[in-house]
>>> print(open('target_15.tsv').read())   # TSV, C-alpha atoms
chain	number	residue	atom	x	y	z
A	228	MET	CA	22.82	17.82	-12.89
A	229	LYS	CA	20.45	17.11	-15.78
A	230	ALA	CA	18.02	14.21	-15.55
A	231	VAL	CA	15.36	12.84	-17.89
A	232	LEU	CA	12.10	10.99	-17.28
A	233	ALA	CA	10.92	9.05	-20.35
A	234	LEU	CA	7.77	6.98	-20.86
A	235	ALA	CA	7.33	3.92	-23.03
A	236	ASP	CA	4.84	5.76	-25.27
A	237	GLY	CA	7.49	8.33	-26.29
A	238	LYS	CA	6.67	11.19	-23.94
A	239	TYR	CA	9.64	12.59	-22.02
A	240	PHE	CA	10.47	15.35	-19.52
A	241	ILE	CA	13.80	17.06	-18.89
A	242	GLY	CA	14.59	18.16	-15.35
A	243	LYS	CA	17.21	18.12	-12.61
A	244	ALA	CA	18.67	15.13	-10.82
A	245	LEU	CA	17.46	14.59	-7.27
A	246	GLY	CA	18.68	11.98	-4.82
A	247	ALA	CA	21.02	9.30	-6.14
A	248	VAL	CA	22.71	9.52	-9.52
A	249	GLY	CA	21.81	6.60	-11.77
A	250	GLU	CA	19.07	5.03	-13.84
A	251	VAL	CA	15.90	3.17	-12.85
A	252	THR	CA	12.80	1.76	-14.54
A	253	GLY	CA	9.32	1.22	-13.14
A	254	GLU	CA	5.65	1.91	-13.71
A	255	VAL	CA	5.11	5.68	-13.53
A	256	VAL	CA	2.17	6.53	-11.24
A	257	PHE	CA	1.01	9.57	-9.27
A	258	ASN	CA	-0.09	10.25	-5.70
A	259	THR	CA	-2.36	13.22	-4.88
A	260	SER	CA	-1.53	13.47	-1.16
A	261	MET	CA	-0.41	16.90	0.03
A	262	THR	CA	1.64	15.41	2.88
A	263	GLY	CA	2.90	12.00	3.91
A	264	TYR	CA	5.72	11.71	1.40
A	265	GLN	CA	7.93	9.90	3.92
A	266	GLU	CA	5.33	7.18	4.52
A	267	ILE	CA	4.83	6.92	0.75
A	268	LEU	CA	8.57	6.50	0.18
A	269	THR	CA	8.70	3.61	2.65
A	270	ASP	CA	5.46	1.83	1.71
A	271	PRO	CA	6.45	-1.56	0.20
A	272	SER	CA	3.31	-1.41	-1.97
A	273	TYR	CA	5.19	1.02	-4.23
A	274	HIS	CA	7.88	-1.52	-5.08
A	275	GLY	CA	8.38	-1.51	-8.85
A	276	GLU	CA	6.86	1.96	-9.29
A	277	ILE	CA	8.14	5.46	-10.01
A	278	VAL	CA	5.95	7.71	-7.86
A	279	THR	CA	5.04	11.24	-8.93
A	280	MET	CA	3.79	13.62	-6.24
A	281	THR	CA	1.15	16.04	-7.53
A	282	TYR	CA	1.61	18.57	-4.73
A	283	PRO	CA	4.17	21.09	-6.08
A	284	GLN	CA	6.61	21.31	-3.16
A	285	ILE	CA	7.76	18.14	-1.41
A	286	GLY	CA	10.20	17.87	1.48
A	287	ASN	CA	9.26	21.04	3.37
A	288	TYR	CA	9.04	19.24	6.73
A	289	GLY	CA	12.04	17.01	6.11
A	290	ILE	CA	12.58	13.40	7.16
A	291	ASN	CA	12.51	11.87	10.63
A	292	PRO	CA	13.06	8.31	11.91
A	293	GLU	CA	9.54	7.95	13.38
A	294	ASP	CA	7.45	8.25	10.23
A	295	ILE	CA	8.87	5.40	8.18
A	296	GLU	CA	6.50	2.53	7.34
A	297	SER	CA	9.08	-0.20	6.69
A	298	GLY	CA	12.79	-0.84	6.96
A	299	ARG	CA	13.69	1.23	3.88
A	300	PRO	CA	12.26	2.91	0.78
A	301	PHE	CA	10.94	0.35	-1.70
A	302	LEU	CA	9.82	2.46	-4.68
A	303	SER	CA	11.89	2.47	-7.86
A	304	GLY	CA	12.08	6.25	-8.32
A	305	PHE	CA	10.59	9.55	-7.17
A	306	VAL	CA	9.31	12.55	-9.16
A	307	VAL	CA	8.56	16.01	-7.74
A	308	LYS	CA	8.04	19.51	-9.07
A	309	GLU	CA	10.23	21.10	-6.39
A	310	ALA	CA	12.21	19.44	-3.60
A	311	CYS	CA	12.49	21.80	-0.62
A	312	PRO	CA	16.22	22.13	0.24
A	313	PHE	CA	15.64	23.75	3.64
A	314	PRO	CA	13.08	21.74	5.64
A	315	SER	CA	11.54	23.30	8.72
A	316	ASN	CA	10.08	21.04	11.41
A	317	PHE	CA	11.08	20.24	14.98
A	318	ARG	CA	11.14	16.52	14.13
A	319	SER	CA	13.21	16.85	10.96
A	320	GLU	CA	16.66	15.25	10.97
A	321	VAL	CA	17.63	15.20	7.29
A	322	SER	CA	16.46	16.73	4.00
A	323	LEU	CA	14.51	14.84	1.36
A	324	ASP	CA	17.44	15.01	-1.09
A	325	ALA	CA	19.87	13.62	1.49
A	326	TYR	CA	17.45	10.83	2.42
A	327	LEU	CA	17.04	9.83	-1.22
A	328	LYS	CA	20.81	9.84	-1.70
A	329	ASN	CA	21.39	7.81	1.46
A	330	ASN	CA	18.93	5.18	0.27
A	331	ASN	CA	20.08	5.15	-3.37
A	332	ILE	CA	16.73	6.33	-4.79
A	333	VAL	CA	17.14	7.85	-8.25
A	334	SER	CA	14.77	10.82	-8.54
A	335	ILE	CA	14.01	13.89	-10.65
A	336	GLU	CA	12.70	17.38	-9.94
A	337	ALA	CA	11.95	20.59	-11.87
A	338	ILE	CA	9.63	18.96	-14.41
A	339	ASP	CA	6.00	19.89	-15.10
A	340	THR	CA	4.36	17.29	-12.87
A	341	ARG	CA	0.93	18.62	-13.76
A	342	ALA	CA	1.56	17.83	-17.44
A	343	LEU	CA	2.89	14.39	-16.52
A	344	VAL	CA	-0.18	13.57	-14.43
A	345	ARG	CA	-2.55	14.76	-17.16
A	346	HIS	CA	-0.68	12.52	-19.60
A	347	ILE	CA	-0.99	9.49	-17.29
A	348	ARG	CA	-4.69	10.16	-16.73
A	349	THR	CA	-5.23	10.30	-20.51
A	350	PHE	CA	-3.00	7.44	-21.65
A	351	GLY	CA	-2.70	5.36	-18.48
A	352	ALA	CA	0.06	4.37	-16.09
A	353	GLN	CA	2.94	2.84	-18.02
A	354	THR	CA	6.56	1.80	-17.80
A	355	GLY	CA	9.04	4.65	-17.60
A	356	ILE	CA	12.64	5.41	-16.78
A	357	ILE	CA	14.54	8.09	-14.85
A	358	SER	CA	18.18	8.63	-15.70
A	359	SER	CA	20.87	11.13	-14.75
A	360	THR	CA	23.57	9.11	-16.51
A	361	ASP	CA	21.98	8.71	-19.95
A	362	THR	CA	20.15	11.92	-20.89
A	363	ASP	CA	19.32	11.04	-24.49
A	364	PRO	CA	15.50	10.91	-24.64
A	365	GLU	CA	15.36	8.50	-27.58
A	366	SER	CA	17.73	6.08	-25.88
A	367	LEU	CA	15.66	6.19	-22.69
A	368	ILE	CA	12.36	5.71	-24.50
A	369	GLU	CA	13.73	2.55	-26.09
A	370	LYS	CA	14.94	1.27	-22.70
A	371	ALA	CA	11.52	1.96	-21.19
A	372	ARG	CA	9.84	-0.02	-23.95
A	373	LYS	CA	12.08	-3.02	-23.25
A	374	ALA	CA	11.62	-2.91	-19.46
A	375	PRO	CA	9.30	-5.53	-17.91
A	376	SER	CA	5.69	-4.62	-17.15
A	377	ILE	CA	4.34	-4.76	-13.62
A	378	VAL	CA	1.54	-7.05	-14.85
A	379	GLY	CA	2.10	-10.75	-14.27
A	380	ARG	CA	5.13	-10.30	-11.97
A	381	ASP	CA	5.41	-11.56	-8.41
A	382	LEU	CA	6.76	-8.50	-6.58
A	383	VAL	CA	5.66	-9.77	-3.16
A	384	LYS	CA	8.56	-12.22	-2.85
A	385	GLU	CA	10.92	-9.26	-3.25
A	386	VAL	CA	9.51	-7.31	-0.28
A	387	THR	CA	8.26	-9.90	2.22
A	388	CYS	CA	10.15	-10.65	5.42
A	389	ARG	CA	12.54	-13.62	5.40
A	390	GLU	CA	11.80	-14.81	8.93
A	391	PRO	CA	8.80	-14.45	11.27
A	392	TYR	CA	8.91	-11.64	13.83
A	393	GLN	CA	6.70	-10.21	16.58
A	394	PRO	CA	6.23	-6.41	16.67
A	395	THR	CA	5.29	-4.77	19.96
A	396	GLU	CA	5.12	-1.11	18.93
A	397	GLY	CA	1.78	0.66	19.46
A	398	LEU	CA	0.36	3.89	18.06
A	399	TRP	CA	2.29	7.19	18.21
A	400	SER	CA	1.46	10.21	20.36
A	401	LEU	CA	3.09	13.63	20.46
A	402	GLY	CA	5.82	13.89	23.05
A	403	GLN	CA	5.75	10.20	23.86
A	404	GLY	CA	6.49	8.54	20.53
A	405	TYR	CA	5.28	5.00	19.89
A	406	ALA	CA	3.70	3.09	22.75
A	407	ASP	CA	5.38	-0.06	24.04
A	408	CYS	CA	2.78	-2.84	23.93
A	409	SER	CA	5.15	-5.63	24.96
A	410	GLN	CA	3.71	-5.73	28.50
A	411	THR	CA	0.08	-5.09	27.53
A	412	PRO	CA	-2.33	-8.04	27.92
A	413	SER	CA	-2.97	-9.58	24.49
A	414	PRO	CA	-6.17	-11.63	24.39
A	415	TYR	CA	-6.04	-12.16	20.61
A	416	ARG	CA	-3.28	-13.93	18.70
A	417	VAL	CA	-3.06	-12.68	15.12
A	418	ILE	CA	-0.90	-14.12	12.35
A	419	ALA	CA	-0.18	-11.42	9.77
A	420	TYR	CA	0.89	-12.38	6.26
A	421	ASP	CA	3.59	-9.99	5.07
A	422	PHE	CA	2.88	-9.26	1.42
A	423	GLY	CA	4.52	-5.85	1.94
A	424	ILE	CA	3.07	-4.85	5.29
A	425	LYS	CA	3.09	-1.32	6.71
A	426	ARG	CA	4.10	-0.73	10.31
A	427	ASN	CA	1.08	1.36	11.24
A	428	ILE	CA	-1.20	-1.58	10.48
A	429	LEU	CA	0.74	-3.61	13.04
A	430	ARG	CA	0.63	-0.71	15.51
A	431	ASN	CA	-3.16	-0.53	15.26
A	432	LEU	CA	-3.49	-4.25	15.92
A	433	ALA	CA	-1.05	-4.15	18.85
A	434	THR	CA	-2.79	-1.15	20.41
A	435	LEU	CA	-6.11	-3.01	20.34
A	436	GLY	CA	-4.66	-5.93	22.28
A	437	CYS	CA	-3.41	-8.26	19.57
A	438	ASP	CA	-0.35	-10.44	19.99
A	439	VAL	CA	0.84	-10.19	16.38
A	440	LYS	CA	3.25	-12.52	14.63
A	441	VAL	CA	4.29	-11.52	11.12
A	442	VAL	CA	5.12	-14.37	8.76
A	443	PRO	CA	6.59	-14.51	5.23
A	444	ALA	CA	4.17	-14.43	2.31
A	445	THR	CA	4.85	-18.06	1.37
A	446	THR	CA	4.03	-19.50	4.81
A	447	SER	CA	1.61	-22.41	4.36
A	448	ALA	CA	-1.89	-22.40	5.78
A	449	GLU	CA	-0.99	-25.55	7.73
A	450	ASP	CA	1.90	-23.79	9.43
A	451	VAL	CA	-0.32	-20.81	10.25
A	452	LEU	CA	-3.03	-23.00	11.79
A	453	GLU	CA	-0.41	-24.80	13.90
A	454	MET	CA	0.28	-21.42	15.53
A	455	ASN	CA	-3.31	-21.51	16.83
A	456	PRO	CA	-4.31	-17.98	15.77
A	457	ASP	CA	-7.52	-16.22	16.74
A	458	GLY	CA	-7.37	-14.34	13.44
A	459	VAL	CA	-5.32	-14.03	10.25
A	460	PHE	CA	-4.48	-10.71	8.66
A	461	LEU	CA	-3.73	-10.33	4.92
A	462	SER	CA	-1.53	-7.30	4.33
A	463	ASN	CA	-1.10	-4.73	1.62
A	464	GLY	CA	1.64	-5.25	-0.96
A	465	PRO	CA	2.87	-4.37	-4.45
A	466	GLY	CA	1.81	-5.28	-7.94
A	467	ASP	CA	-0.48	-7.77	-9.61
A	468	PRO	CA	-2.38	-10.21	-7.34
A	469	GLU	CA	-3.13	-12.74	-10.09
A	470	PRO	CA	0.29	-14.50	-10.20
A	471	LEU	CA	0.36	-15.03	-6.41
A	472	HIS	CA	-1.07	-18.55	-6.60
A	473	TYR	CA	0.61	-19.70	-3.38
A	474	ALA	CA	-1.10	-16.90	-1.42
A	475	GLN	CA	-4.48	-17.57	-2.99
A	476	GLU	CA	-4.26	-21.28	-2.14
A	477	ASN	CA	-3.22	-20.60	1.45
A	478	ILE	CA	-6.14	-18.22	1.92
A	479	ARG	CA	-8.58	-20.83	0.57
A	480	ASN	CA	-7.26	-23.32	3.12
A	481	LEU	CA	-7.79	-20.82	5.95
A	482	LEU	CA	-11.31	-19.70	5.13
A	483	GLY	CA	-13.91	-21.04	7.52
A	484	LYS	CA	-11.29	-22.09	10.06
A	485	VAL	CA	-10.28	-18.69	11.43
A	486	PRO	CA	-11.42	-15.05	11.01
A	487	VAL	CA	-9.66	-13.25	8.15
A	488	PHE	CA	-9.18	-9.52	7.55
A	489	GLY	CA	-7.47	-8.16	4.43
A	490	ILE	CA	-6.28	-4.73	3.32
A	491	CYS	CA	-5.40	-3.62	-0.24
A	492	LEU	CA	-3.52	-6.53	-1.88
A	493	GLY	CA	-4.94	-8.70	0.89
A	494	HIS	CA	-8.42	-7.64	-0.23
A	495	GLN	CA	-7.67	-8.61	-3.82
A	496	LEU	CA	-6.20	-11.96	-2.79
A	497	LEU	CA	-9.21	-12.76	-0.60
A	498	SER	CA	-11.49	-11.97	-3.54
A	499	ILE	CA	-9.53	-14.20	-5.92
A	500	ALA	CA	-9.35	-17.01	-3.35
A	501	SER	CA	-13.16	-16.80	-3.10
A	502	GLY	CA	-13.65	-17.14	-6.85
A	503	GLY	CA	-13.37	-13.53	-8.01
A	504	ARG	CA	-11.09	-11.83	-10.52
A	505	THR	CA	-9.12	-8.58	-10.66
A	506	TYR	CA	-8.22	-6.17	-13.44
A	507	LYS	CA	-5.72	-3.37	-13.93
A	508	LEU	CA	-7.01	0.17	-13.47
A	509	LYS	CA	-6.10	2.80	-16.04
A	510	PHE	CA	-4.06	4.89	-13.61
A	511	GLY	CA	-5.00	3.52	-10.19
A	512	HIS	CA	-6.01	5.19	-6.93
A	513	ARG	CA	-3.17	6.77	-4.96
A	514	GLY	CA	-3.83	9.56	-2.49
A	515	GLY	CA	-5.37	10.53	0.82
A	516	ASN	CA	-8.79	11.83	-0.19
A	517	GLN	CA	-10.71	9.03	-1.95
A	518	PRO	CA	-14.43	8.97	-0.97
A	519	VAL	CA	-15.80	5.52	-0.12
A	520	LEU	CA	-19.37	4.59	0.83
A	521	ASP	CA	-19.81	1.99	3.58
A	522	HIS	CA	-23.13	0.36	2.71
A	523	LYS	CA	-23.59	-1.15	6.18
A	524	ARG	CA	-23.29	2.13	8.09
A	525	GLN	CA	-24.51	4.31	5.21
A	526	GLN	CA	-21.58	6.62	5.82
A	527	VAL	CA	-18.97	8.14	3.53
A	528	GLU	CA	-15.32	7.76	4.53
A	529	ILE	CA	-12.43	9.80	3.19
A	530	THR	CA	-9.73	7.22	2.67
A	531	SER	CA	-6.05	6.73	1.91
A	532	GLN	CA	-5.45	4.52	-1.12
A	533	ASN	CA	-2.60	3.02	-3.07
A	534	HIS	CA	-3.40	0.41	-5.70
A	535	GLY	CA	-3.29	-0.15	-9.44
A	536	PHE	CA	-5.60	-3.17	-9.59
A	537	ALA	CA	-9.24	-3.62	-8.57
A	538	VAL	CA	-11.71	-6.44	-7.94
A	539	ASP	CA	-14.16	-7.14	-10.77
A	540	GLU	CA	-17.61	-6.92	-9.15
A	541	ASN	CA	-19.15	-8.99	-11.95
A	542	SER	CA	-16.88	-11.90	-11.03
A	543	LEU	CA	-18.14	-12.16	-7.44
A	544	ASP	CA	-20.66	-14.89	-6.65
A	545	ASP	CA	-23.55	-14.90	-4.16
A	546	ASN	CA	-21.22	-15.86	-1.30
A	547	ILE	CA	-19.54	-12.45	-1.49
A	548	LYS	CA	-21.26	-9.26	-0.40
A	549	VAL	CA	-19.87	-5.92	-1.61
A	550	THR	CA	-19.71	-3.73	1.51
A	551	HIS	CA	-17.88	-0.62	0.26
A	552	ILE	CA	-17.84	1.25	-3.04
A	553	ASN	CA	-15.63	4.03	-4.41
A	554	LEU	CA	-17.80	7.08	-5.07
A	555	ASN	CA	-15.49	8.41	-7.80
A	556	ASP	CA	-15.58	5.44	-10.17
A	557	LYS	CA	-17.85	2.86	-8.43
A	558	THR	CA	-15.06	0.30	-8.06
A	559	VAL	CA	-15.26	-2.31	-5.29
A	560	GLU	CA	-13.68	-1.07	-2.04
A	561	GLY	CA	-14.75	-3.78	0.39
A	562	ILE	CA	-16.24	-7.27	0.60
A	563	GLN	CA	-17.59	-9.67	3.20
A	564	LEU	CA	-17.85	-13.43	2.81
A	565	LEU	CA	-21.24	-14.79	3.86
A	566	SER	CA	-20.14	-18.38	4.46
A	567	SER	CA	-17.11	-17.68	6.67
A	568	PRO	CA	-15.85	-14.93	9.01
A	569	ALA	CA	-13.81	-12.97	6.50
A	570	TYR	CA	-13.85	-9.43	5.13
A	571	SER	CA	-11.51	-6.98	3.43
A	572	VAL	CA	-11.16	-3.43	2.13
A	573	GLN	CA	-9.24	-2.05	-0.82
A	574	TYR	CA	-8.17	1.14	0.94
A	575	HIS	CA	-5.84	1.79	3.91
A	576	PRO	CA	-7.59	2.30	7.28
A	577	GLU	CA	-4.32	2.67	9.19
A	578	SER	CA	-4.18	6.41	8.36
A	579	SER	CA	-0.45	6.66	7.73
A	580	PRO	CA	-0.52	8.85	5.79
A	581	GLY	CA	-4.12	9.94	5.56
A	582	PRO	CA	-7.39	10.31	7.47
A	583	HIS	CA	-8.63	8.28	10.45
A	584	ASP	CA	-12.19	7.70	9.16
A	585	ALA	CA	-11.80	3.94	8.69
A	586	GLN	CA	-10.03	2.84	11.86
A	587	TYR	CA	-13.26	1.15	12.99
A	588	LEU	CA	-12.27	-1.70	10.68
A	589	PHE	CA	-9.59	-2.83	13.12
A	590	GLU	CA	-12.17	-2.89	15.93
A	591	ARG	CA	-14.45	-4.95	13.68
A	592	PHE	CA	-11.65	-7.51	13.38
A	593	ILE	CA	-11.44	-7.67	17.18
A	594	ASP	CA	-15.21	-8.23	17.38
A	595	LEU	CA	-14.99	-10.97	14.75
A	596	MET	CA	-12.28	-12.80	16.69
A	597	LYS	CA	-14.23	-12.40	19.92
A	598	GLU	CA	-17.35	-13.95	18.39
A	599	HIS	CA	-15.34	-16.73	16.78
A	600	LYS	CA	-13.72	-17.63	20.10
A	601	LYS	CA	-17.19	-17.89	21.60
A	602	GLY	CA	-18.28	-20.23	18.80
A	603	GLY	CA	-19.89	-17.72	16.41
A	604	GLN	CA	-19.22	-17.67	12.70
A	605	ASN	CA	-19.71	-14.30	11.05
A	606	GLY	CA	-19.63	-11.83	13.98
>>> encode(input="target_15.tsv", output="structure tokens")
Amino acid sequence: MKAVLALADGKYFIGKALGAVGEVTGEVVFNTSMTGYQEILTDPSYHGEIVTMTYPQIGNYGINPEDIESGRPFLSGFVVKEACPFPSNFRSEVSLDAYLKNNNIVSIEAIDTRALVRHIRTFGAQTGIISSTDTDPESLIEKARKAPSIVGRDLVKEVTCREPYQPTEGLWSLGQGYADCSQTPSPYRVIAYDFGIKRNILRNLATLGCDVKVVPATTSAEDVLEMNPDGVFLSNGPGDPEPLHYAQENIRNLLGKVPVFGICLGHQLLSIASGGRTYKLKFGHRGGNQPVLDHKRQQVEITSQNHGFAVDENSLDDNIKVTHINLNDKTVEGIQLLSSPAYSVQYHPESSPGPHDAQYLFERFIDLMKEHKKGGQNG
């Protein structure tokens, strides 16, 4: 079946329908990871986006129930050069196409993804549309132009949990699956704000001895402090951090009272709550091979990233120390507050998908909570 991908600036691509039949709009972005498509599909941070995979064949190892990062796929649409119809892997249970159909994800294949990515890199990420029901390019271009932008929208309220919950799943190992941490001693109580949280973040915390309680994004700072946490975690999530005033205010009310660790959107929100600003990147950072310099250790990490906004370094005051920098474009990748026990990184240290270089950041959170419990401040 024919399908068309059209961009708001008038560029369009004709291909074949993949996954569900229908029509969707979203910001068209690209991810350079060679593997990890299943984790990408189920990362809530992609809510509102149409994700293009740059690697030419996607789906060759199929889909399995262990590698999902949330309850369901959250992205708006999916774009690939070629979807492998015959996956080969001992863990595979269903093909990519079947998984997309089962989850009603409208997708497209058999387009020149290299040309699409070059176009995005030149003209920037922008609103687009995939349709297998309306295949008139001019009609779709007009629809894309009328679709809402991702800027200024609160997408977090559309992905956050509705009720608090306590995960007990630890990290995965071959032949054993995910560890059961429900009976493991948990010396540290962590409240995790769900702005679109990924499961492997929670698994890392649980494996290191944290009793984690996940709460909705709108939970007040007062309610969090009543839970008597040893630390507060600010999760990843989709979209623009600027309109999330409730989250920024809650973070301000927590700073100095409890250790805080943020990842991705959590990093941006911590920066804004501390007086900084963010801006939209031209085409964002999405992939598993972004080089980041850790100033403290003087080491380069290869990192997994997924964001379209960045912290403006010029907006940060003397209370905020930049700890990590992206070596490709010099954007801010990490900060530490000097007046309270709080730090954050823009990238994803939970390595799902991606490298394990940055998992020390979870151990740093443990050390910060340990020092705070003993009466220290900055750890």
>>> residues_near_point(input="target_15.tsv", point="(12.2, 17.6, -4.3)", cutoff="12 Å", atoms="only C-alpha atoms", output="PyMOL selection string")
chain A and resi 242-246+264+279-289+305-314+322-328+333-338+340
>>> residues_around(input="target_15.tsv", residues="A:Leu367", least_positions_apart="2", cutoff="9 Å", atoms="all atoms listed in the file", output="PyMOL selection string")
chain A and resi 231-235+239+355-358+361-365+369-372
>>> atom_distance(input="target_15.tsv", atom1="atom CA of A:Ala585", atom2="atom CA of A:Leu497")
19.3 Å
>>> atom_distance(input="target_15.tsv", atom1="atom CA of A:Ala247", atom2="atom CA of A:Glu266")
19.1 Å
>>> atom_distance(input="target_15.tsv", atom1="atom CA of A:His575", atom2="atom CA of A:Gln475")
20.6 Å
>>> closest_residue(input="target_15.tsv", among="A:Gly397, A:Gly464, A:Pro576, A:Pro375", to="A:Arg430", atoms="all atoms listed in the file")
A:Gly397
>>> residues_around(input="target_15.tsv", residues="A:Ser531", least_positions_apart="5", cutoff="8 Å", atoms="only C-alpha atoms", output="number ranges by chain")
A: 513-517, 574-576, 578, 580-582
>>> residues_around(input="target_15.tsv", residues="A:Gly304", least_positions_apart="5", cutoff="7 Å", atoms="all atoms listed in the file", output="count of residues only")
7
>>> residues_around(input="target_15.tsv", residues="A:Ser297", least_positions_apart="2", cutoff="8 Å", atoms="all atoms listed in the file", output="PyMOL selection string")
chain A and resi 269-271+295+299-300+424-426
>>> residues_around(input="target_15.tsv", residues="A:Pro465", least_positions_apart="3", cutoff="7 Å", atoms="all atoms listed in the file", output="PyMOL selection string")
chain A and resi 271-274+382-383+423
>>> closest_residue(input="target_15.tsv", among="A:His472, A:His551, A:Arg341, A:Lys238", to="A:Arg380", atoms="all atoms listed in the file")
A:His472
>>> closest_residue(input="target_15.tsv", among="A:Ser413, A:Gln353, A:Asn555, A:Asn291", to="A:Asp236", atoms="all atoms listed in the file")
A:Gln353
>>> closest_residue(input="target_15.tsv", among="A:Val538, A:Asp339, A:Glu296, A:Val485", to="A:Val451", atoms="only C-alpha atoms")
A:Val485
>>> axis_aligned_box(input="target_15.tsv", around="stretch 410-415 of chain A", padding_each_side="6 Å", output="JSON")
{"center_x": -1.2, "center_y": -8.6, "center_z": 24.6, "size_x": 21.9, "size_y": 19.1, "size_z": 19.9}
>>> closest_residue(input="target_15.tsv", among="A:Lys229, A:Arg591, A:Arg348, A:His599", to="A:Leu508", atoms="only C-alpha atoms")
A:Arg348
>>> closest_residue(input="target_15.tsv", among="A:Leu595, A:Ile418, A:Ile547, A:Val519", to="A:Ser462", atoms="all atoms listed in the file")
A:Ile418
>>> build_atoms(input="target_15.tsv", residues="stretch 437-442 of chain A", atoms="all heavy atoms", output="mmCIF file, in the frame of the given file")
data_model
loop_
_atom_site.group_PDB
_atom_site.id
_atom_site.type_symbol
_atom_site.label_atom_id
_atom_site.label_comp_id
_atom_site.auth_asym_id
_atom_site.auth_seq_id
_atom_site.Cartn_x
_atom_site.Cartn_y
_atom_site.Cartn_z
ATOM 1 N N CYS A 437 -3.766 -7.074 20.340
ATOM 2 C CA CYS A 437 -3.410 -8.260 19.570
ATOM 3 C C CYS A 437 -1.947 -8.620 19.765
ATOM 4 O O CYS A 437 -1.075 -7.750 19.726
ATOM 5 C CB CYS A 437 -3.673 -8.025 18.076
ATOM 6 S SG CYS A 437 -5.404 -7.784 17.658
ATOM 7 N N ASP A 438 -1.702 -9.889 19.989
ATOM 8 C CA ASP A 438 -0.350 -10.440 19.990
ATOM 9 C C ASP A 438 -0.070 -10.850 18.543
ATOM 10 O O ASP A 438 -0.566 -11.880 18.084
ATOM 11 C CB ASP A 438 -0.273 -11.638 20.933
ATOM 12 C CG ASP A 438 1.078 -12.328 20.877
ATOM 13 O OD1 ASP A 438 2.041 -11.725 20.358
ATOM 14 O OD2 ASP A 438 1.167 -13.480 21.337
ATOM 15 N N VAL A 439 0.673 -10.015 17.823
ATOM 16 C CA VAL A 439 0.840 -10.190 16.380
ATOM 17 C C VAL A 439 2.149 -10.902 16.063
ATOM 18 O O VAL A 439 3.209 -10.544 16.584
ATOM 19 C CB VAL A 439 0.809 -8.832 15.649
ATOM 20 C CG1 VAL A 439 0.873 -9.043 14.134
ATOM 21 C CG2 VAL A 439 -0.442 -8.047 16.023
ATOM 22 N N LYS A 440 2.056 -11.879 15.191
ATOM 23 C CA LYS A 440 3.250 -12.520 14.630
ATOM 24 C C LYS A 440 3.189 -12.373 13.122
ATOM 25 O O LYS A 440 2.229 -12.803 12.481
ATOM 26 C CB LYS A 440 3.307 -13.996 15.016
ATOM 27 C CG LYS A 440 4.594 -14.687 14.551
ATOM 28 C CD LYS A 440 4.686 -16.108 15.114
ATOM 29 C CE LYS A 440 6.026 -16.743 14.768
ATOM 30 N NZ LYS A 440 6.153 -18.101 15.355
ATOM 31 N N VAL A 441 4.212 -11.747 12.559
ATOM 32 C CA VAL A 441 4.290 -11.520 11.120
ATOM 33 C C VAL A 441 5.050 -12.665 10.482
ATOM 34 O O VAL A 441 6.139 -13.041 10.950
ATOM 35 C CB VAL A 441 4.978 -10.183 10.808
ATOM 36 C CG1 VAL A 441 4.996 -9.929 9.304
ATOM 37 C CG2 VAL A 441 4.276 -9.034 11.539
ATOM 38 N N VAL A 442 4.485 -13.231 9.419
ATOM 39 C CA VAL A 442 5.120 -14.370 8.760
ATOM 40 C C VAL A 442 5.344 -14.064 7.282
ATOM 41 O O VAL A 442 4.633 -13.249 6.688
ATOM 42 C CB VAL A 442 4.263 -15.648 8.908
ATOM 43 C CG1 VAL A 442 4.119 -16.034 10.372
ATOM 44 C CG2 VAL A 442 2.887 -15.472 8.259
#
